[in-house]
Amino acid sequence: MEFYDFEWRLNRSLNAKLAELQRNERLRHVIFSAQFNRELLNHLGTIADMIRQFHKSRKGRRFLGGLLRNQRAMLYFTQPSTRTFLSFTAACQMLGIACNEVRDPSVSSEAKGESPFDSIRMFSSYFDIIIMRSVVPNFAECCAYLMNELDEKDHRSVPIINAGSGADEHPTQALLDVYTIKRTFQFKDPKDSSRWNRLDELRRKYPDLTKSLDGKLYGFCGDIGRGRTVRSLASLLSLFRDVSICFISPPHPKMRLSPDLRERLIKRRVKIYEIESFEDTIEGKPAIEAVDCLYMTRIQREHDTTEDLQAYQGFDLSKYCLSRELVARMKDYAPILHPFPRDSRIGEIPNDIDSDPRAVYFHQARNGMWIRAALLAYLFDVDQRIASRFQKDFAEYHDYNIGVL
Ligand code: CP
């Protein structure tokens, strides 16, 4: 198998592809963030919350660890990763899934000329799921089609999870981002009581504030065009009502919003602002003061060509960095997210912002473990076991509406 074998499939519209990535009304492979709807996002968030709760006790951890004890996962990460690789590993271990990895193809038989598609087929012979990251765009998508072809011929076939693919998609990052935003917009505070709670306090200053992701203005800042996390998250946010998104990026076509994402968001009735600075105004207010949530990103220097470097010489990249002064002007409740890694050479988020209560990026990274565990539980069809056991053990303390998905 080679890439050209999949060409006609790759060239179809996104909508035409989605059905092929499902089986029996459930996701089989996870390749695009567009595969998730609001119902599934809610479901995975609820399962993630339940897993967190079980994980607090030894008995709960034993229950989780017994769920998928006989399953095995291959983590095939040929592009560097800290968070995605380790949080998937931790999530697998939590559910009892044994993990193995190939991170450097020079120590696998690819060094002897084996094609990456043969490697994937080999992994599917030994493992029950393949979680993969590659610098090659669409590779994970092609691997999903390969698995479907094997399935049609009654050969062994396993689910594929895209853990970051070229500059196009990082769907599980978008899952953890939405999960983090949802949790942050609960506006919970340890000091909440019957006489005082944080949300009521915030509403004195922001009377229209709600817990919903609907109706909010989301800011994305940095390398918008080359950031796969931006593409995946912006697509998911478009599932919510009356959403506005402002993209703050250097004025270069590679770093600005890409035409296809712009078109997709407009089709979904997202109001878009494309600006070059935190000081540019949105409906009369500087962007930094207007956003309800700010998603910072790294300038992806590793993709620069010699021409890019020349073009960027005139740019003041410090305009795409936060400072304490800027954060002081943000709304009191607006969370600051970053998919990480942040670039310490450019300093888009200086360390002195880490202690601000709005800086949620370390929680965001940990949330990756819970939501990825929930996703694995869903893909292996043990999510309802988690929900049933939770209802039995904790129903009196929680009011989750446990639907069937
Ligand atoms: N956010 C993210 O994908 O981080 P890693 O590259 O460390 O996996």
# chains A, B, ... in the order shown; residues from 1 in each chain; ligands from 1
>>> residues_around(residues="range 16-26 of chain A", least_positions_apart="3", cutoff="9 Å", atoms="only C-alpha atoms", output="PDB file with C-alpha atoms, in the first residue's frame")
ATOM      1  CA  ARG A   9     -10.609   8.667  -0.627  1.00  0.00           C
ATOM      2  CA  LEU A  10      -8.486  11.577   0.571  1.00  0.00           C
ATOM      3  CA  ARG A  12     -13.542  13.497  -0.894  1.00  0.00           C
ATOM      4  CA  SER A  13     -15.389  16.064   1.200  1.00  0.00           C
ATOM      5  CA  HIS A  29     -11.440   5.447  14.272  1.00  0.00           C
ATOM      6  CA  VAL A  30     -10.676   8.950  15.605  1.00  0.00           C
ATOM      7  CA  ILE A  31      -9.162  11.029  12.816  1.00  0.00           C
ATOM      8  CA  PHE A  32     -10.989  14.401  12.684  1.00  0.00           C
ATOM      9  CA  ALA A  34     -15.532  16.916  13.102  1.00  0.00           C
ATOM     10  CA  GLN A  35     -16.420  13.340  14.124  1.00  0.00           C
ATOM     11  CA  ALA A 144      -7.925   4.098   9.070  1.00  0.00           C
ATOM     12  CA  TYR A 145      -8.897   3.291   5.457  1.00  0.00           C
ATOM     13  CA  ASN A 148     -11.323  -0.772   6.935  1.00  0.00           C
ATOM     14  CA  TYR A 378     -15.725   4.507  24.709  1.00  0.00           C
ATOM     15  CA  LEU A 379     -13.778   2.931  21.820  1.00  0.00           C
ATOM     16  CA  LEU A 405     -24.406   6.323  23.657  1.00  0.00           C
TER      17      LEU A 405
END
>>> residues_around(residues="range 281-292 of chain A", least_positions_apart="6", cutoff="10 Å", atoms="only C-alpha atoms", output="ChimeraX atom specification")
/A:185,209,213,215-220,244-248,273-275,322,326-336
>>> closest_atom_pairs(of="chain A", to="ligand 1", cutoff="6 Å", atoms="only C-alpha atoms and all ligand atoms", output="tab-separated table")
residue	atom	partner	partner_atom_place_in_ligand_line	distance
A:Ser81	CA	ligand 1	8 (O)	3.7
A:Thr82	CA	ligand 1	7 (O)	3.5
A:Arg83	CA	ligand 1	7 (O)	3.9
A:Thr84	CA	ligand 1	8 (O)	3.7
A:Phe85	CA	ligand 1	8 (O)	5.8
A:Pro339	CA	ligand 1	1 (N)	4.2
A:Phe340	CA	ligand 1	1 (N)	4.9
A:Pro341	CA	ligand 1	4 (O)	5.9
>>> write_last_selection(atoms="N, CA and C atoms", output="PDB file, in the first residue's frame")
ATOM      1  N   SER A  81       6.827  14.202  21.080  1.00  0.00           N
ATOM      2  CA  SER A  81       5.645  14.460  21.909  1.00  0.00           C
ATOM      3  C   SER A  81       6.009  14.220  23.357  1.00  0.00           C
ATOM      4  N   THR A  82       5.496  15.041  24.237  1.00  0.00           N
ATOM      5  CA  THR A  82       5.573  14.764  25.668  1.00  0.00           C
ATOM      6  C   THR A  82       4.167  14.451  26.179  1.00  0.00           C
ATOM      7  N   ARG A  83       3.275  15.441  26.077  1.00  0.00           N
ATOM      8  CA  ARG A  83       1.949  15.337  26.691  1.00  0.00           C
ATOM      9  C   ARG A  83       1.069  14.257  26.052  1.00  0.00           C
ATOM     10  N   THR A  84       0.975  14.261  24.733  1.00  0.00           N
ATOM     11  CA  THR A  84       0.031  13.335  24.088  1.00  0.00           C
ATOM     12  C   THR A  84       0.494  11.891  24.315  1.00  0.00           C
ATOM     13  N   PHE A  85       1.787  11.671  24.136  1.00  0.00           N
ATOM     14  CA  PHE A  85       2.330  10.326  24.314  1.00  0.00           C
ATOM     15  C   PHE A  85       2.139   9.852  25.763  1.00  0.00           C
ATOM     16  N   PRO A 339      -1.830  24.685  24.188  1.00  0.00           N
ATOM     17  CA  PRO A 339      -1.696  23.224  24.046  1.00  0.00           C
ATOM     18  C   PRO A 339      -0.341  22.730  24.551  1.00  0.00           C
ATOM     19  N   PHE A 340       0.635  23.642  24.635  1.00  0.00           N
ATOM     20  CA  PHE A 340       2.006  23.316  25.028  1.00  0.00           C
ATOM     21  C   PHE A 340       2.649  22.387  24.001  1.00  0.00           C
ATOM     22  N   PRO A 341       3.936  22.345  23.797  1.00  0.00           N
ATOM     23  CA  PRO A 341       4.903  23.105  24.579  1.00  0.00           C
ATOM     24  C   PRO A 341       4.841  24.597  24.257  1.00  0.00           C
TER      25      PRO A 341
END
>>> residues_around(residues="Pro259 in chain A", least_positions_apart="4", cutoff="12 Å", atoms="only C-alpha atoms", output="PyMOL selection string")
chain A and resi 224-225+231+253-255+263-266+274
>>> closest_atom_pairs(of="range 313-388 of chain A", to="range 127-142 of chain A", cutoff="12 Å", atoms="only C-alpha atoms", output="tab-separated table")
residue	atom	partner	partner_atom	distance
A:Arg372	CA	A:Ile131	CA	11.0
A:Leu375	CA	A:Ile131	CA	11.8
A:Leu376	CA	A:Ile129	CA	9.3
A:Ala377	CA	A:Ile129	CA	11.9
A:Leu379	CA	A:Ile129	CA	9.3
A:Phe380	CA	A:Ile129	CA	9.2
>>> residues_around(residues="Tyr312 in chain A", least_positions_apart="2", cutoff="12 Å", atoms="only C-alpha atoms", output="list in words")
Pro250, Pro251, His252, Pro253, Lys254, Met255, Ile299, Arg301, Asp304, Thr305, Thr306, Glu307, Asp308, Leu309, Gln310, Gly314, Phe315, Asp316 and Leu317 of chain A
>>> atom_distance(atom1="CA of Glu2 in chain A", atom2="CA of His170 in chain A")
22.8 Å
>>> atom_distance(atom1="CA of Gly96 in chain A", atom2="CA of His338 in chain A")
29.6 Å
>>> atom_distance(atom1="CA of Ala48 in chain A", atom2="CA of Gly65 in chain A")
14.7 Å
>>> residues_around(residues="range 53-62 of chain A", least_positions_apart="5", cutoff="10 Å", atoms="only C-alpha atoms", output="MDAnalysis selection string")
chainID A and resid 47:48 67 94:96 370 386 389:390 393:394
>>> write_last_selection(atoms="N, CA, C and O atoms", output="compact mmCIF listing (two decimals), in the first residue's frame")
# COMPACT_ATOMS: atom_id res chain seq x y z
N ILE A 47 -17.91 10.81 31.31
CA ILE A 47 -17.13 9.59 31.62
C ILE A 47 -15.77 10.00 32.20
O ILE A 47 -15.28 9.38 33.16
N ALA A 48 -15.16 11.06 31.65
CA ALA A 48 -13.87 11.52 32.19
C ALA A 48 -14.02 11.95 33.65
O ALA A 48 -13.18 11.62 34.50
N LEU A 67 -10.79 -3.07 33.82
CA LEU A 67 -11.75 -2.95 32.71
C LEU A 67 -11.22 -3.50 31.38
O LEU A 67 -11.95 -4.12 30.62
N MET A 94 -4.13 3.21 33.25
CA MET A 94 -5.23 3.37 34.22
C MET A 94 -6.34 2.35 33.96
O MET A 94 -6.96 1.85 34.89
N LEU A 95 -6.57 2.05 32.67
CA LEU A 95 -7.66 1.13 32.32
C LEU A 95 -7.18 -0.31 32.17
O LEU A 95 -7.94 -1.19 31.77
N GLY A 96 -5.92 -0.53 32.47
CA GLY A 96 -5.38 -1.90 32.41
C GLY A 96 -4.86 -2.30 31.04
O GLY A 96 -4.54 -3.47 30.81
N TRP A 370 -7.46 12.33 31.52
CA TRP A 370 -8.81 11.87 31.87
C TRP A 370 -9.67 11.70 30.61
O TRP A 370 -10.38 10.71 30.46
N ILE A 386 -18.58 1.86 33.16
CA ILE A 386 -18.11 2.91 34.08
C ILE A 386 -19.31 3.70 34.61
O ILE A 386 -19.45 3.94 35.81
N ARG A 389 -21.44 1.55 37.08
CA ARG A 389 -20.77 1.39 38.37
C ARG A 389 -20.77 2.72 39.14
O ARG A 389 -20.96 2.76 40.36
N PHE A 390 -20.61 3.81 38.39
CA PHE A 390 -20.61 5.12 39.03
C PHE A 390 -21.98 5.38 39.68
O PHE A 390 -22.07 5.86 40.81
N ASP A 393 -22.16 3.46 42.86
CA ASP A 393 -21.28 3.89 43.96
C ASP A 393 -21.49 5.34 44.39
O ASP A 393 -21.28 5.68 45.54
N PHE A 394 -21.86 6.21 43.42
CA PHE A 394 -21.84 7.65 43.74
C PHE A 394 -23.14 8.39 43.44
O PHE A 394 -23.17 9.61 43.58
>>> select_by_dssp(residues="range 23-237 of chain A", states="strand (DSSP E)", output="PyMOL selection string")
chain A and resi 23+26-27+72-77+98-102+129-134+160-165+217-221
>>> closest_residue(among="A:Ala365, A:Val270, A:Ile349, A:Val102", to="Pro80 in chain A", atoms="only C-alpha atoms")
A:Val102
>>> select_by_dssp(residues="range 155-398 of chain A", states="alpha helix (DSSP H)", output="ChimeraX atom specification")
/A:171-184,198-205,228-237,259-267,287-290,306-312,324-328,361-379,383-394
>>> residues_around(residues="range 114-126 of chain A", least_positions_apart="2", cutoff="8 Å", atoms="only C-alpha atoms", output="MDAnalysis selection string")
chainID A and resid 1:2 72 74 109:112 128:130 143 147 156:158
>>> residues_around(residues="Arg38 in chain A", least_positions_apart="4", cutoff="9 Å", atoms="only C-alpha atoms", output="ChimeraX atom specification")
/A:42-43,236,239-240
>>> write_last_selection(atoms="all heavy atoms", output="PDB file, in the first residue's frame")
ATOM      1  N   ASN A  42     -20.316  15.757  25.444  1.00  0.00           N
ATOM      2  CA  ASN A  42     -20.862  15.720  26.811  1.00  0.00           C
ATOM      3  C   ASN A  42     -20.644  14.361  27.440  1.00  0.00           C
ATOM      4  O   ASN A  42     -20.263  14.250  28.611  1.00  0.00           O
ATOM      5  CB  ASN A  42     -22.382  15.959  26.777  1.00  0.00           C
ATOM      6  CG  ASN A  42     -22.686  17.419  26.743  1.00  0.00           C
ATOM      7  OD1 ASN A  42     -21.843  18.240  27.110  1.00  0.00           O
ATOM      8  ND2 ASN A  42     -23.872  17.755  26.272  1.00  0.00           N
ATOM      9  N   HIS A  43     -20.902  13.329  26.646  1.00  0.00           N
ATOM     10  CA  HIS A  43     -20.779  11.968  27.148  1.00  0.00           C
ATOM     11  C   HIS A  43     -19.330  11.694  27.590  1.00  0.00           C
ATOM     12  O   HIS A  43     -19.086  11.209  28.698  1.00  0.00           O
ATOM     13  CB  HIS A  43     -21.205  10.986  26.061  1.00  0.00           C
ATOM     14  CG  HIS A  43     -21.062   9.553  26.457  1.00  0.00           C
ATOM     15  ND1 HIS A  43     -21.838   8.965  27.427  1.00  0.00           N
ATOM     16  CD2 HIS A  43     -20.211   8.586  26.018  1.00  0.00           C
ATOM     17  CE1 HIS A  43     -21.472   7.698  27.574  1.00  0.00           C
ATOM     18  NE2 HIS A  43     -20.489   7.446  26.731  1.00  0.00           N
ATOM     19  N   LEU A 236     -14.405  22.243  16.667  1.00  0.00           N
ATOM     20  CA  LEU A 236     -15.294  21.777  17.743  1.00  0.00           C
ATOM     21  C   LEU A 236     -16.107  22.927  18.327  1.00  0.00           C
ATOM     22  O   LEU A 236     -17.286  22.773  18.638  1.00  0.00           O
ATOM     23  CB  LEU A 236     -14.490  21.127  18.878  1.00  0.00           C
ATOM     24  CG  LEU A 236     -14.128  19.659  18.758  1.00  0.00           C
ATOM     25  CD1 LEU A 236     -13.719  19.105  20.113  1.00  0.00           C
ATOM     26  CD2 LEU A 236     -15.269  18.828  18.198  1.00  0.00           C
ATOM     27  N   LEU A 239     -19.500  23.884  17.029  1.00  0.00           N
ATOM     28  CA  LEU A 239     -20.703  23.124  17.380  1.00  0.00           C
ATOM     29  C   LEU A 239     -21.597  23.914  18.327  1.00  0.00           C
ATOM     30  O   LEU A 239     -22.761  23.572  18.528  1.00  0.00           O
ATOM     31  CB  LEU A 239     -20.316  21.813  18.084  1.00  0.00           C
ATOM     32  CG  LEU A 239     -19.565  20.757  17.267  1.00  0.00           C
ATOM     33  CD1 LEU A 239     -19.124  19.616  18.173  1.00  0.00           C
ATOM     34  CD2 LEU A 239     -20.459  20.222  16.157  1.00  0.00           C
ATOM     35  N   PHE A 240     -21.036  24.947  18.959  1.00  0.00           N
ATOM     36  CA  PHE A 240     -21.805  25.692  19.961  1.00  0.00           C
ATOM     37  C   PHE A 240     -22.494  26.893  19.305  1.00  0.00           C
ATOM     38  O   PHE A 240     -22.068  27.359  18.252  1.00  0.00           O
ATOM     39  CB  PHE A 240     -20.874  26.094  21.121  1.00  0.00           C
ATOM     40  CG  PHE A 240     -20.363  24.882  21.855  1.00  0.00           C
ATOM     41  CD1 PHE A 240     -19.206  24.222  21.436  1.00  0.00           C
ATOM     42  CD2 PHE A 240     -21.072  24.340  22.914  1.00  0.00           C
ATOM     43  CE1 PHE A 240     -18.753  23.064  22.062  1.00  0.00           C
ATOM     44  CE2 PHE A 240     -20.635  23.184  23.551  1.00  0.00           C
ATOM     45  CZ  PHE A 240     -19.472  22.539  23.136  1.00  0.00           C
TER      46      PHE A 240
END
